[in-house]
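Listing of upload.cif, mmCIF, C-alpha atoms
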```
data_entry
#
loop_
_atom_site.label_atom_id
_atom_site.label_comp_id
_atom_site.auth_asym_id
_atom_site.auth_seq_id
_atom_site.Cartn_x
_atom_site.Cartn_y
_atom_site.Cartn_z
CA MET A 13 17.62 -28.63 86.12
CA ALA A 14 20.53 -29.72 83.95
CA LYS A 15 20.30 -29.06 80.23
CA THR A 16 19.61 -32.12 78.09
CA VAL A 17 22.10 -32.44 75.24
CA ARG A 18 20.25 -33.64 72.17
CA SER A 19 22.96 -32.63 69.73
CA LEU A 20 26.74 -32.47 70.13
CA VAL A 21 29.10 -30.99 67.54
CA VAL A 22 32.88 -30.96 67.32
CA LEU A 23 34.89 -28.42 65.35
CA GLY A 24 38.63 -28.15 64.91
CA ASP A 25 41.79 -29.59 63.46
CA SER A 26 43.59 -32.94 63.35
CA THR A 27 43.30 -33.49 67.11
CA THR A 28 39.50 -33.47 66.93
CA VAL A 29 39.72 -35.58 63.76
CA GLY A 30 41.20 -38.16 66.13
CA VAL A 31 44.77 -38.32 64.83
CA GLY A 32 46.92 -40.20 67.32
CA ASP A 33 44.22 -42.74 68.24
CA PRO A 34 44.28 -45.24 65.36
CA VAL A 35 41.56 -47.88 65.06
CA PRO A 36 40.83 -50.31 62.24
CA GLY A 37 39.62 -48.21 59.32
CA GLY A 38 40.88 -44.81 60.47
CA TRP A 39 40.95 -42.55 63.53
CA ARG A 40 38.73 -42.43 66.63
CA GLY A 41 39.86 -39.86 69.19
CA VAL A 42 38.25 -37.30 71.44
CA GLY A 43 35.00 -36.78 69.49
CA PRO A 44 33.61 -40.33 69.48
CA LEU A 45 34.92 -40.92 73.01
CA LEU A 46 33.06 -37.84 74.25
CA ALA A 47 29.97 -38.78 72.27
CA GLU A 48 29.80 -42.06 74.21
CA ALA A 49 28.93 -40.00 77.29
CA PHE A 50 25.97 -38.53 75.34
CA ALA A 51 24.67 -41.75 73.84
CA ASP A 52 21.24 -40.32 72.95
CA ALA A 53 22.55 -37.13 71.36
CA ARG A 54 23.02 -36.57 67.66
CA TYR A 55 26.75 -36.31 67.03
CA LEU A 56 28.42 -34.38 64.23
CA ASN A 57 32.17 -33.87 63.79
CA VAL A 58 33.13 -31.43 61.01
CA SER A 59 36.84 -31.19 61.88
CA PHE A 60 39.53 -31.73 59.28
CA THR A 61 43.30 -32.03 59.35
CA GLY A 62 45.20 -28.78 58.91
CA ALA A 63 42.27 -26.55 59.89
CA ARG A 64 43.01 -23.06 61.14
CA VAL A 65 40.71 -20.68 63.00
CA ALA A 66 39.55 -19.08 59.75
CA SER A 67 38.82 -22.56 58.37
CA VAL A 68 36.50 -23.22 61.29
CA ARG A 69 34.74 -19.89 60.81
CA TYR A 70 34.15 -20.11 57.08
CA GLU A 71 34.07 -23.85 56.34
CA GLN A 72 33.03 -25.74 59.47
CA LEU A 73 30.72 -23.36 61.32
CA PRO A 74 28.13 -23.11 58.49
CA LYS A 75 27.73 -26.89 58.62
CA VAL A 76 26.76 -27.00 62.32
CA LEU A 77 24.74 -23.81 62.89
CA PRO A 78 21.58 -25.14 61.17
CA LEU A 79 21.58 -27.94 63.73
CA ARG A 80 21.48 -25.41 66.60
CA PRO A 81 23.59 -27.77 68.74
CA ASP A 82 23.05 -28.00 72.47
CA ALA A 83 26.77 -28.54 73.05
CA ALA A 84 29.83 -27.67 70.97
CA VAL A 85 33.48 -28.59 71.40
CA LEU A 86 36.07 -26.35 69.71
CA LEU A 87 39.78 -27.11 69.50
CA VAL A 88 41.78 -25.07 67.01
CA GLY A 89 44.67 -22.62 66.84
CA MET A 90 47.91 -24.61 66.89
CA ASN A 91 48.12 -24.68 63.11
CA ASP A 92 47.94 -20.88 63.12
CA THR A 93 50.93 -20.62 65.47
CA LEU A 94 53.05 -22.66 63.08
CA ARG A 95 52.54 -20.38 60.08
CA SER A 96 54.53 -17.38 58.93
CA ASP A 97 51.34 -15.36 58.33
CA PHE A 98 50.25 -15.57 61.99
CA ASP A 99 48.06 -12.54 62.71
CA GLY A 100 46.76 -12.14 66.28
CA ARG A 101 44.16 -9.53 65.39
CA ARG A 102 42.73 -11.60 62.55
CA LEU A 103 42.76 -14.74 64.68
CA HIS A 104 40.95 -12.93 67.50
CA VAL A 105 38.21 -11.70 65.18
CA ASP A 106 37.68 -15.15 63.65
CA LEU A 107 37.66 -17.02 66.96
CA ASP A 108 35.28 -14.51 68.51
CA ALA A 109 32.94 -14.87 65.52
CA VAL A 110 32.91 -18.67 65.82
CA VAL A 111 32.20 -18.72 69.54
CA GLY A 112 29.70 -15.87 69.34
CA ALA A 113 27.72 -17.66 66.62
CA LEU A 114 27.64 -20.93 68.57
CA VAL A 115 26.53 -19.21 71.78
CA SER A 116 23.84 -17.27 69.88
CA ALA A 117 22.61 -20.58 68.48
CA GLY A 118 22.07 -21.85 72.02
CA SER A 119 25.19 -23.98 72.38
CA SER A 120 27.09 -24.66 75.55
CA VAL A 121 30.62 -24.23 74.21
CA VAL A 122 33.86 -25.65 75.58
CA THR A 123 37.27 -24.89 74.10
CA VAL A 124 40.91 -25.21 75.15
CA ARG A 125 43.89 -23.04 75.98
CA PHE A 126 47.16 -24.61 74.95
CA HIS A 127 50.11 -26.13 76.78
CA ASP A 128 53.80 -25.50 76.14
CA HIS A 129 54.12 -27.74 73.12
CA SER A 130 57.91 -27.44 73.10
CA ARG A 131 58.02 -29.52 76.29
CA VAL A 132 56.56 -32.44 74.34
CA PHE A 133 57.88 -31.94 70.82
CA ARG A 134 61.55 -30.93 71.00
CA LEU A 135 62.60 -28.05 68.77
CA PRO A 136 65.82 -26.07 68.28
CA GLY A 137 66.14 -23.14 70.69
CA ALA A 138 65.08 -20.32 68.37
CA LEU A 139 62.10 -22.24 67.00
CA ARG A 140 61.10 -23.16 70.55
CA ARG A 141 61.12 -19.52 71.63
CA ALA A 142 59.18 -18.52 68.53
CA LEU A 143 56.53 -21.17 69.14
CA ARG A 144 56.23 -20.33 72.84
CA ALA A 145 55.64 -16.67 72.00
CA ARG A 146 52.96 -17.58 69.48
CA ILE A 147 51.20 -19.95 71.88
CA SER A 148 51.25 -17.30 74.61
CA GLU A 149 49.63 -14.79 72.26
CA LEU A 150 47.07 -17.38 71.14
CA ASN A 151 46.21 -18.20 74.76
CA ASP A 152 45.67 -14.51 75.54
CA ILE A 153 43.20 -14.37 72.65
CA ILE A 154 41.43 -17.54 73.80
CA ASP A 155 41.19 -16.17 77.35
CA ALA A 156 39.60 -12.95 76.05
CA VAL A 157 37.03 -14.85 73.97
CA VAL A 158 36.23 -17.18 76.87
CA ARG A 159 35.63 -14.20 79.16
CA ARG A 160 33.59 -12.27 76.61
CA HIS A 161 31.18 -15.12 75.93
CA ASP A 162 31.40 -16.82 79.35
CA ILE A 163 32.14 -20.26 77.92
CA ALA A 164 33.97 -23.24 79.41
CA CYS A 165 37.63 -23.92 78.78
CA VAL A 166 40.04 -26.81 79.36
CA ASP A 167 43.55 -25.62 80.21
CA LEU A 168 45.77 -28.24 78.57
CA ASP A 169 48.75 -27.03 80.59
CA LEU A 170 46.96 -28.06 83.79
CA MET A 171 45.27 -31.20 82.49
CA ASP A 172 46.20 -34.42 84.26
CA GLY A 173 49.18 -36.00 82.53
CA ALA A 174 49.66 -33.09 80.12
CA TYR A 175 53.42 -33.63 79.92
CA SER A 176 53.49 -37.38 80.44
CA MET A 177 54.79 -39.24 77.38
CA GLU A 178 51.92 -41.76 77.57
CA THR A 179 49.53 -38.90 76.83
CA TRP A 180 51.14 -38.34 73.42
CA ALA A 181 51.16 -40.30 70.19
CA VAL A 182 54.26 -41.38 68.33
CA ASP A 183 54.47 -38.00 66.58
CA ARG A 184 54.41 -36.04 69.89
CA LEU A 185 52.05 -33.62 68.12
CA HIS A 186 48.74 -35.37 68.79
CA PRO A 187 47.30 -37.16 71.82
CA SER A 188 47.60 -40.92 72.11
CA GLU A 189 44.52 -42.98 72.95
CA VAL A 190 45.27 -42.21 76.61
CA GLY A 191 45.52 -38.51 75.78
CA HIS A 192 42.33 -38.48 73.74
CA ARG A 193 40.47 -40.17 76.61
CA ARG A 194 41.82 -37.66 79.12
CA LEU A 195 40.83 -34.79 76.84
CA ALA A 196 37.33 -36.20 76.27
CA ALA A 197 36.86 -36.63 80.03
CA ALA A 198 37.95 -33.03 80.61
CA PHE A 199 35.45 -31.79 78.00
CA ALA A 200 32.67 -33.82 79.62
CA ALA A 201 33.52 -32.36 83.03
CA ARG A 202 33.46 -28.78 81.70
CA LEU A 203 30.13 -29.32 79.96
CA ALA A 204 28.70 -30.68 83.22
CA GLU A 205 30.02 -27.63 85.07
CA SER A 206 28.29 -25.48 82.42
CA GLY A 207 24.94 -27.02 83.32
CA CYS A 208 24.71 -29.82 80.75
CA ALA A 209 23.44 -33.22 81.80
CA VAL A 210 26.17 -35.80 81.10
CA PRO A 211 24.38 -39.16 81.34
CA GLY A 212 27.43 -41.33 80.65
CA ARG A 213 31.15 -41.21 81.29
CA VAL A 214 34.36 -41.33 79.31
CA SER A 215 36.16 -44.52 80.21
CA PRO A 216 39.87 -44.14 81.03
CA VAL A 217 40.47 -47.74 79.95
CA CYS A 218 42.14 -48.06 76.55
CA THR A 219 40.34 -50.43 74.24
CA GLY A 220 39.87 -50.97 70.54
CA GLY A 221 42.87 -48.98 69.42
CA LEU A 222 45.72 -50.33 67.32
CA LYS A 223 48.94 -51.17 69.15
CA VAL A 224 51.81 -48.77 68.47
CA THR A 225 55.23 -50.44 68.26
CA PRO A 226 58.80 -49.06 68.22
CA LEU A 227 58.75 -49.61 64.45
CA HIS A 228 55.91 -47.06 64.20
CA HIS A 229 58.12 -44.53 65.99
CA VAL A 230 61.02 -45.04 63.58
CA GLY A 231 58.74 -45.02 60.56
CA TRP A 232 57.04 -41.79 61.66
CA LEU A 233 60.36 -40.06 62.30
CA VAL A 234 61.71 -40.90 58.85
CA LEU A 235 58.55 -40.53 56.77
CA LYS A 236 56.69 -37.78 58.63
CA GLY A 237 58.66 -36.21 61.49
CA ILE A 238 61.72 -34.90 59.65
CA PRO A 239 59.71 -33.62 56.64
CA TRP A 240 57.24 -31.92 59.01
CA LEU A 241 60.02 -30.28 61.02
CA TRP A 242 61.67 -29.09 57.79
CA SER A 243 58.47 -27.59 56.36
CA ARG A 244 57.35 -25.92 59.59
CA GLY A 245 60.90 -24.84 60.37
CA ARG A 246 61.13 -23.04 57.03
CA ASP A 247 57.79 -21.35 57.72
CA LEU A 248 58.87 -20.14 61.18
CA LEU A 249 62.55 -19.62 60.36
CA PRO A 250 62.35 -15.87 59.54
CA HIS A 251 60.52 -15.24 62.82
CA ALA A 252 63.01 -17.38 64.75
CA ALA A 253 65.98 -15.66 63.08
CA ALA A 254 64.58 -12.26 64.05
CA ILE A 255 64.29 -13.41 67.66
CA MET A 256 67.92 -14.57 67.64
CA TYR A 257 69.14 -11.31 66.10
CA ARG A 258 67.25 -9.11 68.57
CA SER A 259 68.66 -11.17 71.44
CA TRP A 260 72.22 -10.88 70.08
CA ALA A 261 71.91 -7.17 69.34
CA GLY A 262 70.16 -6.33 72.60
CA HIS A 263 67.09 -4.99 70.82
CA PRO A 264 63.69 -5.22 72.51
CA GLU A 265 61.02 -7.54 71.16
CA PRO A 266 58.51 -5.76 68.91
CA PRO A 267 55.08 -5.12 70.40
CA ARG A 268 52.69 -7.99 69.82
CA TYR A 269 48.95 -7.78 69.38
CA VAL A 270 47.42 -6.50 72.60
CA ILE A 271 43.79 -7.16 73.45
CA ARG A 272 41.90 -4.13 74.72
CA PRO A 273 38.45 -4.30 76.33
CA SER A 274 37.34 -1.44 74.10
CA ASP A 275 38.17 -3.29 70.87
CA ASP A 276 35.13 -3.53 68.60
CA LEU A 277 35.37 -6.97 67.05
CA ASP A 278 31.82 -7.15 65.78
CA HIS A 279 32.49 -5.27 62.56
CA ALA A 280 36.23 -5.61 62.18
CA PHE A 281 37.38 -6.87 58.79
CA ASP A 282 33.79 -7.02 57.46
#
```

Go ahead and render the structure in this file as structure tokens.
Amino acid sequence: MAKTVRSLVVLGDSTTVGVGDPVPGGWRGVGPLLAEAFADARYLNVSFTGARVASVRYEQLPKVLPLRPDAAVLLVGMNDTLRSDFDGRRLHVDLDAVVGALVSAGSSVVTVRFHDHSRVFRLPGALRRALRARISELNDIIDAVVRRHDIACVDLDLMDGAYSMETWAVDRLHPSEVGHRRLAAAFAARLAESGCAVPGRVSPVCTGGLKVTPLHHVGWLVLKGIPWLWSRGRDLLPHAAAIMYRSWAGHPEPPRYVIRPSDDLDHAFD
């Protein structure tokens, strides 16, 4: 018999906040759209913009564990890849702790592995290579955590319309309403495959969102896009410069964090 979902929680960053799907009064996005498929479940979204994996572990997780949620959606990690202090080992420990705690609380957990973001948001060559390397390392960590705890995962690289421009908002960093609906539908499908009863469905029909015009695109580029690219570029620039130098000098890439089955994550960094 399928598991009845009486409580649904969402943890993560600006995507799970709903950025990219504007409605009167704020953002909607993947959380509320998914919650519509679980109309009788208590819904709690503790996401906030800018969250990193450690933020979820130490700030968001304590807010949802007392609820002992039947289902939990987790989408986080991209903000970590964009920072100069990216640490695969630390990220692995934190992500494993989050998922382990949710599973121990009885939650059916679904997370994501990330797409090649540089195919959507254009970056200079060195920054693109730096970001791709970070995302690859992040995905390896996510894969290891998914295997260890036997949870569900949505592969954004394989999701329908992943690289279609209609899937993305004006900033090309967050899903549009179409993208949020596709993501919510994918989460619902994975939860159903995990044995959860999904009494409703996520409608693919866009409704209720604010219309985005060409003026929004220009305004975002001037007010948000260029400043964002400058700030993140400065953060990743030393890493990108090192990549360029090693390529020019013919030096091999330094070893990155490698996940070993024997790694003891339970007490690391305690």

**OP:** Would you mind listing what lies within 10 Å of Thr28 of chain A as a list in words, with all atoms listed in the file counted and same-chain residues fewer than 5 positions away left out?
**Re:**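 Neighbouring residues, sequence-local ones excluded: Val22, Leu23, Trp39, Arg40, Gly41, Val42, Gly43, Pro44, Asn57, Val58, Ser59, Phe60, Thr61, Val85, Leu86, Leu87, Val88, His186, Pro187, His192 and Ala196 of chain A.
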
For the structure shown, which residues end up in the PyMOL selection byres ((chain A and resi 208) around 10)? Put them as a PDB file with C-alpha atoms, in the frame of the given file, please?
```pdb
ATOM      1  CA  MET A  13      17.620 -28.630  86.120  1.00  0.00           C
ATOM      2  CA  ALA A  14      20.530 -29.720  83.950  1.00  0.00           C
ATOM      3  CA  LYS A  15      20.300 -29.060  80.230  1.00  0.00           C
ATOM      4  CA  THR A  16      19.610 -32.120  78.090  1.00  0.00           C
ATOM      5  CA  VAL A  17      22.100 -32.440  75.240  1.00  0.00           C
ATOM      6  CA  ASP A  82      23.050 -28.000  72.470  1.00  0.00           C
ATOM      7  CA  ALA A  83      26.770 -28.540  73.050  1.00  0.00           C
ATOM      8  CA  SER A 120      27.090 -24.660  75.550  1.00  0.00           C
ATOM      9  CA  ALA A 200      32.670 -33.820  79.620  1.00  0.00           C
ATOM     10  CA  ALA A 201      33.520 -32.360  83.030  1.00  0.00           C
ATOM     11  CA  ARG A 202      33.460 -28.780  81.700  1.00  0.00           C
ATOM     12  CA  LEU A 203      30.130 -29.320  79.960  1.00  0.00           C
ATOM     13  CA  ALA A 204      28.700 -30.680  83.220  1.00  0.00           C
ATOM     14  CA  GLU A 205      30.020 -27.630  85.070  1.00  0.00           C
ATOM     15  CA  SER A 206      28.290 -25.480  82.420  1.00  0.00           C
ATOM     16  CA  GLY A 207      24.940 -27.020  83.320  1.00  0.00           C
ATOM     17  CA  ALA A 209      23.440 -33.220  81.800  1.00  0.00           C
ATOM     18  CA  VAL A 210      26.170 -35.800  81.100  1.00  0.00           C
ATOM     19  CA  PRO A 211      24.380 -39.160  81.340  1.00  0.00           C
TER      20      PRO A 211
END
```

Subject >> Atom-to-atom span, atom CA of Tyr175 of chain A and atom CA of Ser188 of chain A, Å >> reply: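 Interatomic distance, atom CA of Tyr175 of chain A to atom CA of Ser188 of chain A: 12.2 Å.
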
Subject >> Distance in Å - atom CA of Val157 of chain A versus atom CA of Trp180 of chain A >> reply: 27.4 Å

Original post:
Written as a PyMOL selection string, which residues does the PyMOL selection byres ((chain A and resi 133) around 10) give for the file shown?
Top reply: chain A and resi 128-132+134-135+140+180+183-186

Subject >> Nearby residues (only C-alpha atoms) at most 9 Å from Arg194 of chain A, same-chain spacing under 6 positions excluded, as a VMD selection string >> reply: chain A and resid 42 171 to 173 179 214 to 216

Original post:
Which residues, written as JSON, numbers by chain, have at least one atom at most 6 Å from Ala84 of chain A, with only C-alpha atoms counted and residues fewer than 2 positions away on the same chain left out?
Top reply: {"A": [20, 21, 22, 121]}

**OP:** Tell me which protein, DNA and RNA residues are within 8 Å of Ile147 of chain A, counting all atoms listed in the file, leaving out same-chain ones fewer than 2 positions away, and put them as a list in words.
**Re:**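 Residues near the query, excluding close chain neighbours: Met90, Thr93, Phe126, His127, Asp128, Leu143, Arg144, Ala145, Glu149, Leu150 and Asn151 of chain A.
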
**OP:** Would you mind telling me which residue in A:Arg80, A:Ala197, A:Arg160, A:Met177 lies nearest to Gly212 of chain A when using only C-alpha atoms?
**Re:** A:Ala197

**OP:** Identify which of the residues A:Leu77, A:Ala63, A:Cys218, A:Ala174 lies closest to Gly112 of chain A, counting all atoms listed in the file when measuring atom-to-atom distances.
**Re:**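 Residue with the minimum atom-to-atom distance to Gly112 of chain A: A:Leu77.
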
Original post:
Distance atom CA of Glu71 of chain A-atom CA of Asp152 of chain A, one decimal place?
Top reply: 24.3 Å

**OP:** Could you tell me which of A:Arg141, A:Arg125, A:His161, A:Arg54 comes closest to Val110 of chain A if we count all atoms listed in the file?
**Re:** A:His161

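Distances here use all atoms listed in the file; by that measure, the residue among A:Ile153, A:Leu73, A:Ala142, A:Val115 closest to Leu94 of chain A is A:Ala142.
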
**OP:** Find the residues around Tyr269 of chain A up to 9 Å (all atoms listed in the file counted), leave out those fewer than 5 positions away in its own chain, and share them as a PyMOL selection string.
**Re:** chain A and resi 99-101+149

Residues just named, written with C-alpha atoms as a PDB file, keeping the file's coordinate frame:
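Written out: result22.pdb:
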```
ATOM      1  CA  ASP A  99      48.060 -12.540  62.710  1.00  0.00           C
ATOM      2  CA  GLY A 100      46.760 -12.140  66.280  1.00  0.00           C
ATOM      3  CA  ARG A 101      44.160  -9.530  65.390  1.00  0.00           C
ATOM      4  CA  GLU A 149      49.630 -14.790  72.260  1.00  0.00           C
TER       5      GLU A 149
END
```

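Of the residues under consideration (A:Gly191, A:Leu107, A:Val68, A:Leu114), A:Leu107 shows the shortest atom-to-atom contact distance to Ala156 of chain A when counting only C-alpha atoms.
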